[in-house]
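All remarks here apply to the structure that follows.
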Amino acid sequence: MTDDGAATAGRRAPGELENEVLAALWAAGAPATAGTVREQVTGDPAYTTVLTILSRLHDKGLVTRERAGRGYLYSPVRDEAGHAAAGMRALLERGSDRAAVLARFVSELGTEDEEILEQLLRGHKEG
(Lines give C-alpha, C1' and ligand atoms only; values in the text may rest on other atoms or scores of the structure.)
Protein backbone atom coordinates (compact mmCIF):
# COMPACT_ATOMS: atom_id res chain seq x y z
CA MET A 1 0.00 0.00 0.00
CA THR A 2 1.35 3.45 -0.89
CA ASP A 3 1.27 6.55 1.22
CA ASP A 4 -0.56 8.55 -1.43
CA GLY A 5 -2.91 6.32 -3.39
CA ALA A 6 -4.51 9.30 -5.10
CA ALA A 7 -1.21 10.46 -6.57
CA THR A 8 -0.31 7.01 -7.87
CA ALA A 9 -3.70 6.72 -9.58
CA GLY A 10 -3.17 10.10 -11.30
CA ARG A 11 -5.83 11.77 -9.18
CA ARG A 12 -5.50 15.13 -7.50
CA ALA A 13 -5.27 15.54 -3.75
CA PRO A 14 -8.53 16.63 -2.08
CA GLY A 15 -9.13 20.34 -2.60
CA GLU A 16 -6.34 20.69 -5.18
CA LEU A 17 -8.67 21.35 -8.11
CA GLU A 18 -10.67 23.88 -6.07
CA ASN A 19 -7.40 25.67 -5.29
CA GLU A 20 -6.38 25.64 -8.96
CA VAL A 21 -9.76 27.03 -10.00
CA LEU A 22 -9.49 29.83 -7.43
CA ALA A 23 -5.93 30.55 -8.60
CA ALA A 24 -7.19 30.79 -12.19
CA LEU A 25 -9.86 33.29 -11.12
CA TRP A 26 -7.32 35.39 -9.19
CA ALA A 27 -4.98 35.35 -12.19
CA ALA A 28 -7.80 36.40 -14.53
CA GLY A 29 -8.24 39.66 -12.65
CA ALA A 30 -11.78 39.99 -14.01
CA PRO A 31 -14.93 37.86 -14.05
CA ALA A 32 -14.27 34.69 -16.05
CA THR A 33 -16.28 31.95 -17.72
CA ALA A 34 -15.90 28.28 -16.87
CA GLY A 35 -14.20 27.81 -20.24
CA THR A 36 -11.60 30.46 -19.46
CA VAL A 37 -10.96 28.91 -16.05
CA ARG A 38 -10.66 25.44 -17.61
CA GLU A 39 -7.92 26.68 -19.95
CA GLN A 40 -5.83 27.74 -16.93
CA VAL A 41 -6.18 24.51 -14.94
CA THR A 42 -3.58 21.77 -15.38
CA GLY A 43 -4.46 18.26 -16.43
CA ASP A 44 -7.17 19.12 -18.98
CA PRO A 45 -10.20 18.52 -16.73
CA ALA A 46 -13.59 18.07 -18.33
CA TYR A 47 -15.64 21.23 -18.77
CA THR A 48 -18.37 19.72 -16.58
CA THR A 49 -15.80 19.06 -13.84
CA VAL A 50 -14.80 22.74 -13.83
CA LEU A 51 -18.50 23.73 -13.75
CA THR A 52 -19.03 21.42 -10.76
CA ILE A 53 -16.06 22.93 -8.91
CA LEU A 54 -17.25 26.47 -9.65
CA SER A 55 -20.72 25.55 -8.42
CA ARG A 56 -19.27 24.12 -5.19
CA LEU A 57 -17.15 27.22 -4.67
CA HIS A 58 -20.27 29.34 -5.20
CA ASP A 59 -22.21 27.24 -2.68
CA LYS A 60 -19.36 27.72 -0.16
CA GLY A 61 -19.50 31.49 -0.69
CA LEU A 62 -16.00 31.65 -2.17
CA VAL A 63 -17.05 32.89 -5.62
CA THR A 64 -19.86 34.98 -7.00
CA ARG A 65 -21.50 34.44 -10.36
CA GLU A 66 -23.50 36.61 -12.68
CA ARG A 67 -25.46 35.60 -15.75
CA ALA A 68 -23.72 36.10 -19.07
CA GLY A 69 -25.79 34.73 -21.92
CA ARG A 70 -26.51 31.06 -21.27
CA GLY A 71 -23.67 30.73 -18.75
CA TYR A 72 -22.09 32.61 -15.89
CA LEU A 73 -19.14 34.82 -15.19
CA TYR A 74 -17.37 33.85 -11.96
CA SER A 75 -15.37 36.06 -9.60
CA PRO A 76 -13.58 35.23 -6.34
CA VAL A 77 -15.11 36.83 -3.25
CA ARG A 78 -11.69 37.53 -1.72
CA ASP A 79 -8.25 38.08 -3.17
CA GLU A 80 -5.61 35.42 -2.57
CA ALA A 81 -4.27 37.04 0.61
CA GLY A 82 -7.80 37.41 2.01
CA HIS A 83 -8.56 33.77 1.24
CA ALA A 84 -5.38 32.58 2.99
CA ALA A 85 -6.08 34.83 5.98
CA ALA A 86 -9.64 33.49 6.29
CA GLY A 87 -8.27 29.94 6.26
CA MET A 88 -5.72 30.78 8.95
CA ARG A 89 -8.41 32.43 11.06
CA ALA A 90 -10.68 29.38 10.72
CA LEU A 91 -7.87 27.08 11.84
CA LEU A 92 -7.12 29.33 14.79
CA GLU A 93 -10.77 29.31 15.86
CA ARG A 94 -10.83 25.50 15.85
CA GLY A 95 -8.03 25.27 18.41
CA SER A 96 -9.01 24.96 22.05
CA ASP A 97 -6.06 27.09 23.23
CA ARG A 98 -5.68 30.11 20.96
CA ALA A 99 -2.65 31.42 22.85
CA ALA A 100 -0.81 28.11 22.42
CA VAL A 101 -1.66 27.97 18.71
CA LEU A 102 -0.48 31.54 18.14
CA ALA A 103 2.67 30.97 20.21
CA ARG A 104 3.55 27.86 18.18
CA PHE A 105 2.84 29.67 14.92
CA VAL A 106 5.06 32.63 15.84
CA SER A 107 7.84 30.38 17.15
CA GLU A 108 8.02 28.64 13.78
CA LEU A 109 8.24 31.83 11.70
CA GLY A 110 11.44 32.69 9.90
CA THR A 111 13.28 35.87 10.83
CA GLU A 112 11.93 37.83 7.87
CA ASP A 113 8.30 36.81 8.57
CA GLU A 114 8.78 37.59 12.25
CA GLU A 115 9.94 41.12 11.38
CA ILE A 116 6.97 41.62 9.05
CA LEU A 117 4.59 40.47 11.77
CA GLU A 118 6.17 42.84 14.29
CA GLN A 119 5.81 45.75 11.85
CA LEU A 120 2.18 44.88 11.17
CA LEU A 121 1.37 44.63 14.87
CA ARG A 122 3.08 47.96 15.62
CA GLY A 123 1.12 49.60 12.81
CA HIS A 124 -2.14 48.09 14.07
CA LYS A 125 -1.56 49.37 17.62
CA GLU A 126 -0.71 52.85 16.36
CA GLY A 127 -3.72 53.03 14.00
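Each chain in the C-alpha coordinates gets a letter, A, B, ..., in the order shown, and its residues are numbered from 1; ligands are numbered from 1 in order too.
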Strand (DSSP E) per DSSP on the backbone: members of stretch 51-122 of chain A, as a list in words:
Val63, Thr64, Arg65, Glu66, Arg67, Ala68, Gly71, Tyr72, Leu73, Tyr74, Ser75 and Pro76 of chain A
Those in stretch 62-124 of chain A with alpha helix (DSSP H) from DSSP, as a ChimeraX atom specification
/A:80-94,98-107,111-124
I'd like the contact shell of stretch 28-43 of chain A - 6 Å cut-off, only C-alpha atoms, skipping same-chain residues fewer than 2 positions apart - returned as a PyMOL selection string.
chain A and resi 24-26+45+73-75
Minimum-distance residue to A:Asp79, chosen among A:Ala46, A:Glu108, A:Leu62, A:Gly95 (using only C-alpha atoms)
A:Leu62
Counting only C-alpha atoms, which residues of stretch 43-81 of chain A fall within 10 Å of stretch 18-21 of chain A, and what is the closest atom pair for each with its distance in Å at one decimal, ordered by chain and rising number, as CSV?
residue,atom,partner,partner_atom,distance
A:Val50,CA,A:Val21,CA,7.6
A:Thr52,CA,A:Glu18,CA,9.9
A:Ile53,CA,A:Glu18,CA,6.2
A:Leu54,CA,A:Val21,CA,7.5
A:Arg56,CA,A:Glu18,CA,8.7
A:Leu57,CA,A:Glu18,CA,7.4
A:Pro76,CA,A:Val21,CA,9.8
